[in-house]
Amino acid sequence: MWDYGTQVARLIPNRLHARVVRIVEGRAEEDTFPTAYRTNTRGAVEQLASAAGLRVESFEYLSQYPNYLMFNGFVFFLGMCFEKLISHVHWLRFLRGWILVTLRKP
């Protein structure tokens, strides 16, 4: 929820995401899908899992490769430095861009 990619994406209306991705990453617009930020916190995952009769077995924050910053060498370098920092400082893990959740059916 708090990584810079998500924050920027939240500022840009969904209808413009495909165009931005095409410009920044060079990816085809049809390969970009609408986003809904509803399950990207531990609390939200636990609440939805519980409502579905599941329990959270593991919850991990994962770092990402800032490929969407490759449009500019300096910005990409800053992104790589940031990713290194948050991947090595445990209490900054909530800033990582991806989560991996394992749910278990009781």
# chains A, B, ... in the order shown; residues from 1 in each chain; ligands from 1
>>> residues_around(residues="A:Ile86", least_positions_apart="5", cutoff="7 Å", atoms="only C-alpha atoms", output="PyMOL selection string")
chain A and resi 92-93+95-96
>>> write_last_selection(atoms="C-alpha atoms", output="PDB file, in the first residue's frame")
ATOM      1  CA  LEU A  92      10.805  -0.534   6.382  1.00  0.00           C
ATOM      2  CA  ARG A  93       9.365  -3.742   4.905  1.00  0.00           C
ATOM      3  CA  LEU A  95       7.256   0.022   1.880  1.00  0.00           C
ATOM      4  CA  ARG A  96       7.970  -2.971  -0.352  1.00  0.00           C
TER       5      ARG A  96
END
>>> residues_around(residues="A:Asn14", least_positions_apart="2", cutoff="6 Å", atoms="only C-alpha atoms", output="list in words")
Leu16, His17 and Pro34 of chain A
>>> closest_residue(among="A:Asn72, A:Lys84, A:Glu29, A:Pro66", to="A:Tyr4", atoms="only C-alpha atoms")
A:Pro66
>>> closest_residue(among="A:Ile23, A:Met80, A:Leu69, A:Leu100", to="A:Gly5", atoms="only C-alpha atoms")
A:Leu69
>>> atom_distance(atom1="atom CA of A:Ser63", atom2="atom CA of A:Gly79")
11.3 Å
>>> residues_around(residues="stretch 54-60 of chain A", least_positions_apart="5", cutoff="8 Å", atoms="only C-alpha atoms", output="short mmCIF file (atom, residue, chain, number, x, y, z; two decimals) with all heavy atoms, in the first residue's frame")
data_model
loop_
_atom_site.label_atom_id
_atom_site.label_comp_id
_atom_site.auth_asym_id
_atom_site.auth_seq_id
_atom_site.Cartn_x
_atom_site.Cartn_y
_atom_site.Cartn_z
N ARG A 42 -1.97 -5.96 5.67
CA ARG A 42 -2.15 -7.19 6.45
C ARG A 42 -3.54 -7.24 7.06
O ARG A 42 -4.21 -8.28 7.04
CB ARG A 42 -1.08 -7.31 7.53
CG ARG A 42 -1.18 -8.63 8.25
CD ARG A 42 -0.09 -8.83 9.28
NE ARG A 42 -0.17 -10.18 9.76
CZ ARG A 42 0.73 -11.12 9.55
NH1 ARG A 42 1.81 -10.84 8.89
NH2 ARG A 42 0.57 -12.33 10.02
N VAL A 45 -6.12 -8.20 4.43
CA VAL A 45 -5.98 -9.61 4.07
C VAL A 45 -6.59 -10.48 5.18
O VAL A 45 -7.35 -11.42 4.90
CB VAL A 45 -4.51 -9.99 3.82
CG1 VAL A 45 -4.33 -11.50 3.73
CG2 VAL A 45 -3.99 -9.31 2.57
N GLU A 46 -6.26 -10.18 6.43
CA GLU A 46 -6.78 -10.98 7.54
C GLU A 46 -8.31 -10.89 7.62
O GLU A 46 -8.98 -11.90 7.86
CB GLU A 46 -6.13 -10.55 8.85
CG GLU A 46 -4.69 -11.00 8.93
CD GLU A 46 -3.96 -10.50 10.17
OE1 GLU A 46 -4.52 -9.64 10.90
OE2 GLU A 46 -2.84 -10.98 10.42
N ALA A 49 -9.76 -12.87 4.65
CA ALA A 49 -9.53 -14.30 4.86
C ALA A 49 -10.50 -14.84 5.90
O ALA A 49 -11.12 -15.89 5.69
CB ALA A 49 -8.08 -14.54 5.29
N ILE A 99 3.21 -8.19 -1.86
CA ILE A 99 3.00 -9.06 -0.70
C ILE A 99 2.72 -10.47 -1.20
O ILE A 99 2.16 -10.67 -2.27
CB ILE A 99 1.84 -8.58 0.22
CG1 ILE A 99 0.53 -8.47 -0.54
CG2 ILE A 99 2.20 -7.29 0.91
CD1 ILE A 99 -0.67 -8.15 0.34
N LEU A 100 3.16 -11.43 -0.44
CA LEU A 100 2.91 -12.83 -0.72
C LEU A 100 2.21 -13.40 0.50
O LEU A 100 2.75 -13.37 1.61
CB LEU A 100 4.22 -13.58 -0.98
CG LEU A 100 4.11 -15.08 -1.20
CD1 LEU A 100 3.29 -15.39 -2.45
CD2 LEU A 100 5.48 -15.71 -1.30
N VAL A 101 1.02 -13.89 0.29
CA VAL A 101 0.19 -14.40 1.39
C VAL A 101 -0.13 -15.86 1.14
O VAL A 101 -0.48 -16.24 0.02
CB VAL A 101 -1.12 -13.59 1.50
CG1 VAL A 101 -2.00 -14.13 2.62
CG2 VAL A 101 -0.82 -12.11 1.71
N THR A 102 -0.01 -16.65 2.18
CA THR A 102 -0.45 -18.05 2.13
C THR A 102 -1.63 -18.16 3.07
O THR A 102 -1.53 -17.81 4.25
CB THR A 102 0.66 -19.02 2.57
OG1 THR A 102 1.81 -18.80 1.76
CG2 THR A 102 0.21 -20.46 2.44
N LEU A 103 -2.75 -18.64 2.55
CA LEU A 103 -3.95 -18.84 3.34
C LEU A 103 -4.18 -20.32 3.52
O LEU A 103 -3.85 -21.13 2.66
CB LEU A 103 -5.17 -18.20 2.65
CG LEU A 103 -5.07 -16.71 2.35
CD1 LEU A 103 -6.28 -16.25 1.55
CD2 LEU A 103 -4.95 -15.91 3.63
N ARG A 104 -4.78 -20.68 4.64
CA ARG A 104 -5.05 -22.09 4.93
C ARG A 104 -6.53 -22.24 5.28
O ARG A 104 -7.08 -21.45 6.02
CB ARG A 104 -4.18 -22.54 6.11
CG ARG A 104 -4.43 -23.93 6.58
CD ARG A 104 -3.63 -25.03 6.01
NE ARG A 104 -2.22 -24.79 5.87
CZ ARG A 104 -1.51 -25.51 5.02
NH1 ARG A 104 -2.04 -26.46 4.31
NH2 ARG A 104 -0.22 -25.28 4.92
N LYS A 105 -7.07 -23.29 4.75
CA LYS A 105 -8.45 -23.64 5.08
C LYS A 105 -8.39 -24.50 6.34
O LYS A 105 -7.74 -25.54 6.34
CB LYS A 105 -9.05 -24.42 3.92
CG LYS A 105 -10.50 -24.70 4.02
CD LYS A 105 -10.94 -25.33 2.71
CE LYS A 105 -12.31 -25.89 2.79
NZ LYS A 105 -12.71 -26.51 1.52
N PRO A 106 -9.05 -24.07 7.43
CA PRO A 106 -8.97 -24.84 8.68
C PRO A 106 -9.57 -26.23 8.57
O PRO A 106 -10.39 -26.51 7.75
CB PRO A 106 -9.75 -24.01 9.68
CG PRO A 106 -10.01 -22.70 9.05
CD PRO A 106 -9.82 -22.87 7.58
#
>>> select_by_dssp(residues="chain A", states="strand (DSSP E or B)", output="ChimeraX atom specification")
/A:55-62,98-104
>>> write_last_selection(atoms="C-alpha atoms", output="PDB file, in the first residue's frame")
ATOM      1  CA  ARG A  55      -6.642 -18.160   8.190  1.00  0.00           C
ATOM      2  CA  VAL A  56      -3.443 -16.353   7.254  1.00  0.00           C
ATOM      3  CA  GLU A  57      -0.596 -18.836   7.461  1.00  0.00           C
ATOM      4  CA  SER A  58       2.102 -16.452   6.244  1.00  0.00           C
ATOM      5  CA  PHE A  59       2.329 -12.842   5.119  1.00  0.00           C
ATOM      6  CA  GLU A  60       5.511 -11.486   3.547  1.00  0.00           C
ATOM      7  CA  TYR A  61       6.439  -8.159   2.021  1.00  0.00           C
ATOM      8  CA  LEU A  62       8.582  -8.662  -1.092  1.00  0.00           C
ATOM      9  CA  TRP A  98       4.518  -6.775  -3.295  1.00  0.00           C
ATOM     10  CA  ILE A  99       2.996  -9.059  -0.701  1.00  0.00           C
ATOM     11  CA  LEU A 100       2.912 -12.830  -0.724  1.00  0.00           C
ATOM     12  CA  VAL A 101       0.190 -14.396   1.392  1.00  0.00           C
ATOM     13  CA  THR A 102      -0.451 -18.046   2.125  1.00  0.00           C
ATOM     14  CA  LEU A 103      -3.952 -18.836   3.341  1.00  0.00           C
ATOM     15  CA  ARG A 104      -5.046 -22.092   4.932  1.00  0.00           C
TER      16      ARG A 104
END
>>> select_by_dssp(residues="stretch 26-93 of chain A", states="helix (DSSP H, G or I)", output="PDB file with N, CA and C atoms, in the first residue's frame")
ATOM      1  N   GLU A  29      -0.699  -1.356 -24.402  1.00  0.00           N
ATOM      2  CA  GLU A  29      -1.791  -0.868 -23.551  1.00  0.00           C
ATOM      3  C   GLU A  29      -2.765  -1.975 -23.165  1.00  0.00           C
ATOM      4  N   GLU A  30      -2.980  -2.958 -24.047  1.00  0.00           N
ATOM      5  CA  GLU A  30      -3.924  -4.037 -23.718  1.00  0.00           C
ATOM      6  C   GLU A  30      -3.381  -4.973 -22.638  1.00  0.00           C
ATOM      7  N   ASP A  31      -2.114  -4.825 -22.278  1.00  0.00           N
ATOM      8  CA  ASP A  31      -1.525  -5.634 -21.206  1.00  0.00           C
ATOM      9  C   ASP A  31      -1.578  -4.931 -19.853  1.00  0.00           C
ATOM     10  N   ARG A  42      -1.965  -5.959   5.672  1.00  0.00           N
ATOM     11  CA  ARG A  42      -2.148  -7.190   6.445  1.00  0.00           C
ATOM     12  C   ARG A  42      -3.539  -7.242   7.062  1.00  0.00           C
ATOM     13  N   GLY A  43      -3.995  -6.125   7.593  1.00  0.00           N
ATOM     14  CA  GLY A  43      -5.333  -6.084   8.198  1.00  0.00           C
ATOM     15  C   GLY A  43      -6.425  -6.431   7.207  1.00  0.00           C
ATOM     16  N   ALA A  44      -6.347  -5.889   5.991  1.00  0.00           N
ATOM     17  CA  ALA A  44      -7.352  -6.175   4.967  1.00  0.00           C
ATOM     18  C   ALA A  44      -7.312  -7.645   4.567  1.00  0.00           C
ATOM     19  N   VAL A  45      -6.118  -8.197   4.433  1.00  0.00           N
ATOM     20  CA  VAL A  45      -5.985  -9.613   4.075  1.00  0.00           C
ATOM     21  C   VAL A  45      -6.590 -10.484   5.178  1.00  0.00           C
ATOM     22  N   GLU A  46      -6.262 -10.184   6.425  1.00  0.00           N
ATOM     23  CA  GLU A  46      -6.782 -10.980   7.539  1.00  0.00           C
ATOM     24  C   GLU A  46      -8.305 -10.891   7.623  1.00  0.00           C
ATOM     25  N   GLN A  47      -8.853  -9.702   7.399  1.00  0.00           N
ATOM     26  CA  GLN A  47     -10.302  -9.515   7.455  1.00  0.00           C
ATOM     27  C   GLN A  47     -10.998 -10.307   6.344  1.00  0.00           C
ATOM     28  N   LEU A  48     -10.493 -10.219   5.121  1.00  0.00           N
ATOM     29  CA  LEU A  48     -11.098 -10.952   4.006  1.00  0.00           C
ATOM     30  C   LEU A  48     -10.922 -12.459   4.156  1.00  0.00           C
ATOM     31  N   ALA A  49      -9.762 -12.870   4.646  1.00  0.00           N
ATOM     32  CA  ALA A  49      -9.527 -14.298   4.856  1.00  0.00           C
ATOM     33  C   ALA A  49     -10.499 -14.844   5.896  1.00  0.00           C
ATOM     34  N   SER A  50     -10.646 -14.127   6.982  1.00  0.00           N
ATOM     35  CA  SER A  50     -11.553 -14.557   8.040  1.00  0.00           C
ATOM     36  C   SER A  50     -12.988 -14.642   7.532  1.00  0.00           C
ATOM     37  N   ALA A  51     -13.397 -13.648   6.750  1.00  0.00           N
ATOM     38  CA  ALA A  51     -14.758 -13.648   6.200  1.00  0.00           C
ATOM     39  C   ALA A  51     -14.986 -14.837   5.268  1.00  0.00           C
ATOM     40  N   ASN A  67      11.323  -1.619 -12.656  1.00  0.00           N
ATOM     41  CA  ASN A  67      11.402  -1.524 -14.114  1.00  0.00           C
ATOM     42  C   ASN A  67      10.625  -0.342 -14.672  1.00  0.00           C
ATOM     43  N   TYR A  68       9.591   0.100 -13.981  1.00  0.00           N
ATOM     44  CA  TYR A  68       8.826   1.243 -14.476  1.00  0.00           C
ATOM     45  C   TYR A  68       9.585   2.556 -14.315  1.00  0.00           C
ATOM     46  N   LEU A  69      10.764   2.516 -13.722  1.00  0.00           N
ATOM     47  CA  LEU A  69      11.597   3.721 -13.620  1.00  0.00           C
ATOM     48  C   LEU A  69      12.717   3.733 -14.655  1.00  0.00           C
ATOM     49  N   GLY A  73      17.695   7.010 -16.470  1.00  0.00           N
ATOM     50  CA  GLY A  73      18.772   6.321 -15.770  1.00  0.00           C
ATOM     51  C   GLY A  73      18.943   6.748 -14.325  1.00  0.00           C
ATOM     52  N   PHE A  74      18.888   8.053 -14.062  1.00  0.00           N
ATOM     53  CA  PHE A  74      19.078   8.544 -12.703  1.00  0.00           C
ATOM     54  C   PHE A  74      17.913   8.134 -11.801  1.00  0.00           C
ATOM     55  N   VAL A  75      16.696   8.263 -12.300  1.00  0.00           N
ATOM     56  CA  VAL A  75      15.521   7.872 -11.522  1.00  0.00           C
ATOM     57  C   VAL A  75      15.552   6.368 -11.243  1.00  0.00           C
ATOM     58  N   PHE A  76      15.964   5.573 -12.236  1.00  0.00           N
ATOM     59  CA  PHE A  76      16.083   4.129 -12.041  1.00  0.00           C
ATOM     60  C   PHE A  76      17.128   3.825 -10.966  1.00  0.00           C
ATOM     61  N   PHE A  77      18.261   4.516 -11.006  1.00  0.00           N
ATOM     62  CA  PHE A  77      19.299   4.335  -9.992  1.00  0.00           C
ATOM     63  C   PHE A  77      18.746   4.632  -8.594  1.00  0.00           C
ATOM     64  N   LEU A  78      18.002   5.737  -8.463  1.00  0.00           N
ATOM     65  CA  LEU A  78      17.399   6.072  -7.168  1.00  0.00           C
ATOM     66  C   LEU A  78      16.423   4.977  -6.727  1.00  0.00           C
ATOM     67  N   GLY A  79      15.641   4.460  -7.678  1.00  0.00           N
ATOM     68  CA  GLY A  79      14.714   3.374  -7.362  1.00  0.00           C
ATOM     69  C   GLY A  79      15.436   2.135  -6.872  1.00  0.00           C
ATOM     70  N   MET A  80      16.552   1.801  -7.520  1.00  0.00           N
ATOM     71  CA  MET A  80      17.341   0.643  -7.094  1.00  0.00           C
ATOM     72  C   MET A  80      17.910   0.858  -5.688  1.00  0.00           C
ATOM     73  N   CYS A  81      18.398   2.050  -5.411  1.00  0.00           N
ATOM     74  CA  CYS A  81      18.917   2.352  -4.066  1.00  0.00           C
ATOM     75  C   CYS A  81      17.814   2.223  -3.029  1.00  0.00           C
ATOM     76  N   PHE A  82      16.648   2.750  -3.342  1.00  0.00           N
ATOM     77  CA  PHE A  82      15.517   2.664  -2.430  1.00  0.00           C
ATOM     78  C   PHE A  82      15.136   1.203  -2.181  1.00  0.00           C
ATOM     79  N   GLU A  83      15.065   0.405  -3.249  1.00  0.00           N
ATOM     80  CA  GLU A  83      14.719  -1.008  -3.104  1.00  0.00           C
ATOM     81  C   GLU A  83      15.747  -1.748  -2.244  1.00  0.00           C
ATOM     82  N   LYS A  84      17.025  -1.439  -2.429  1.00  0.00           N
ATOM     83  CA  LYS A  84      18.074  -2.060  -1.598  1.00  0.00           C
ATOM     84  C   LYS A  84      17.869  -1.698  -0.138  1.00  0.00           C
ATOM     85  N   LEU A  85      17.593  -0.424   0.125  1.00  0.00           N
ATOM     86  CA  LEU A  85      17.399   0.032   1.497  1.00  0.00           C
ATOM     87  C   LEU A  85      16.241  -0.696   2.164  1.00  0.00           C
ATOM     88  N   ILE A  86      15.077  -0.703   1.510  1.00  0.00           N
ATOM     89  CA  ILE A  86      13.912  -1.303   2.166  1.00  0.00           C
ATOM     90  C   ILE A  86      13.976  -2.829   2.204  1.00  0.00           C
ATOM     91  N   SER A  87      14.834  -3.423   1.383  1.00  0.00           N
ATOM     92  CA  SER A  87      14.971  -4.880   1.464  1.00  0.00           C
ATOM     93  C   SER A  87      15.940  -5.297   2.566  1.00  0.00           C
ATOM     94  N   HIS A  88      16.752  -4.368   3.061  1.00  0.00           N
ATOM     95  CA  HIS A  88      17.715  -4.687   4.110  1.00  0.00           C
ATOM     96  C   HIS A  88      17.332  -4.143   5.483  1.00  0.00           C
ATOM     97  N   HIS A  90      14.544  -4.102   8.111  1.00  0.00           N
ATOM     98  CA  HIS A  90      13.324  -4.868   8.414  1.00  0.00           C
ATOM     99  C   HIS A  90      12.123  -3.970   8.713  1.00  0.00           C
ATOM    100  N   TRP A  91      12.303  -2.924   9.493  1.00  0.00           N
ATOM    101  CA  TRP A  91      11.154  -2.107   9.882  1.00  0.00           C
ATOM    102  C   TRP A  91      10.633  -1.244   8.735  1.00  0.00           C
ATOM    103  N   LEU A  92      11.310  -1.241   7.577  1.00  0.00           N
ATOM    104  CA  LEU A  92      10.805  -0.534   6.382  1.00  0.00           C
ATOM    105  C   LEU A  92      10.104  -1.486   5.411  1.00  0.00           C
ATOM    106  N   ARG A  93       9.917  -2.736   5.818  1.00  0.00           N
ATOM    107  CA  ARG A  93       9.365  -3.742   4.905  1.00  0.00           C
ATOM    108  C   ARG A  93       7.980  -3.368   4.385  1.00  0.00           C
TER     109      ARG A  93
END
>>> closest_residue(among="A:Phe71, A:Val89, A:Phe94, A:Gln64", to="A:Arg22", atoms="only C-alpha atoms")
A:Phe71
>>> closest_residue(among="A:Arg38, A:Val8, A:Met70, A:Ala52", to="A:Val24", atoms="only C-alpha atoms")
A:Met70
>>> atom_distance(atom1="atom CA of A:Gly26", atom2="atom CA of A:Ala9")
16.5 Å
>>> closest_residue(among="A:Gly53, A:Glu25, A:Asn40, A:Tyr65", to="A:Thr6", atoms="only C-alpha atoms")
A:Asn40
>>> decode(residues="stretch 16-106 of chain A", atoms="C-alpha atoms", output="tab-separated table (two decimals), in the first residue's frame")
chain	number	residue	atom	x	y	z
A	16	LEU	CA	-4.90	6.67	-17.98
A	17	HIS	CA	-2.85	3.77	-16.58
A	18	ALA	CA	-2.49	1.98	-19.93
A	19	ARG	CA	-1.16	5.11	-21.62
A	20	VAL	CA	1.30	5.84	-18.80
A	21	VAL	CA	2.55	2.23	-18.81
A	22	ARG	CA	3.03	2.34	-22.58
A	23	ILE	CA	5.06	5.55	-22.31
A	24	VAL	CA	7.10	4.56	-19.24
A	25	GLU	CA	7.62	0.82	-19.83
A	26	GLY	CA	6.87	0.42	-23.52
A	27	ARG	CA	4.32	-2.27	-22.69
A	28	ALA	CA	1.25	-2.69	-24.91
A	29	GLU	CA	-1.79	-0.87	-23.55
A	30	GLU	CA	-3.92	-4.04	-23.72
A	31	ASP	CA	-1.52	-5.63	-21.21
A	32	THR	CA	-2.51	-3.13	-18.52
A	33	PHE	CA	-5.49	-3.91	-16.34
A	34	PRO	CA	-7.60	-1.81	-13.95
A	35	THR	CA	-6.40	-1.78	-10.38
A	36	ALA	CA	-8.38	-1.73	-7.16
A	37	TYR	CA	-6.36	-1.24	-4.00
A	38	ARG	CA	-8.44	-3.12	-1.46
A	39	THR	CA	-6.34	-5.99	-0.18
A	40	ASN	CA	-2.83	-4.65	0.16
A	41	THR	CA	-2.49	-4.41	3.92
A	42	ARG	CA	-2.15	-7.19	6.45
A	43	GLY	CA	-5.33	-6.08	8.20
A	44	ALA	CA	-7.35	-6.17	4.97
A	45	VAL	CA	-5.98	-9.61	4.07
A	46	GLU	CA	-6.78	-10.98	7.54
A	47	GLN	CA	-10.30	-9.51	7.46
A	48	LEU	CA	-11.10	-10.95	4.01
A	49	ALA	CA	-9.53	-14.30	4.86
A	50	SER	CA	-11.55	-14.56	8.04
A	51	ALA	CA	-14.76	-13.65	6.20
A	52	ALA	CA	-14.02	-16.47	3.75
A	53	GLY	CA	-13.35	-18.98	6.54
A	54	LEU	CA	-9.58	-19.00	5.98
A	55	ARG	CA	-6.64	-18.16	8.19
A	56	VAL	CA	-3.44	-16.35	7.25
A	57	GLU	CA	-0.60	-18.84	7.46
A	58	SER	CA	2.10	-16.45	6.24
A	59	PHE	CA	2.33	-12.84	5.12
A	60	GLU	CA	5.51	-11.49	3.55
A	61	TYR	CA	6.44	-8.16	2.02
A	62	LEU	CA	8.58	-8.66	-1.09
A	63	SER	CA	10.82	-6.17	-2.84
A	64	GLN	CA	10.35	-5.44	-6.49
A	65	TYR	CA	12.50	-4.48	-9.45
A	66	PRO	CA	11.72	-0.86	-10.38
A	67	ASN	CA	11.40	-1.52	-14.11
A	68	TYR	CA	8.83	1.24	-14.48
A	69	LEU	CA	11.60	3.72	-13.62
A	70	MET	CA	13.80	2.65	-16.51
A	71	PHE	CA	12.64	5.61	-18.60
A	72	ASN	CA	15.38	7.64	-16.88
A	73	GLY	CA	18.77	6.32	-15.77
A	74	PHE	CA	19.08	8.54	-12.70
A	75	VAL	CA	15.52	7.87	-11.52
A	76	PHE	CA	16.08	4.13	-12.04
A	77	PHE	CA	19.30	4.34	-9.99
A	78	LEU	CA	17.40	6.07	-7.17
A	79	GLY	CA	14.71	3.37	-7.36
A	80	MET	CA	17.34	0.64	-7.09
A	81	CYS	CA	18.92	2.35	-4.07
A	82	PHE	CA	15.52	2.66	-2.43
A	83	GLU	CA	14.72	-1.01	-3.10
A	84	LYS	CA	18.07	-2.06	-1.60
A	85	LEU	CA	17.40	0.03	1.50
A	86	ILE	CA	13.91	-1.30	2.17
A	87	SER	CA	14.97	-4.88	1.46
A	88	HIS	CA	17.72	-4.69	4.11
A	89	VAL	CA	15.96	-2.65	6.82
A	90	HIS	CA	13.32	-4.87	8.41
A	91	TRP	CA	11.15	-2.11	9.88
A	92	LEU	CA	10.81	-0.53	6.38
A	93	ARG	CA	9.36	-3.74	4.90
A	94	PHE	CA	5.87	-2.20	4.68
A	95	LEU	CA	7.26	0.02	1.88
A	96	ARG	CA	7.97	-2.97	-0.35
A	97	GLY	CA	5.81	-3.22	-3.44
A	98	TRP	CA	4.52	-6.77	-3.29
A	99	ILE	CA	3.00	-9.06	-0.70
A	100	LEU	CA	2.91	-12.83	-0.72
A	101	VAL	CA	0.19	-14.40	1.39
A	102	THR	CA	-0.45	-18.05	2.13
A	103	LEU	CA	-3.95	-18.84	3.34
A	104	ARG	CA	-5.05	-22.09	4.93
A	105	LYS	CA	-8.45	-23.64	5.08
A	106	PRO	CA	-8.97	-24.84	8.68
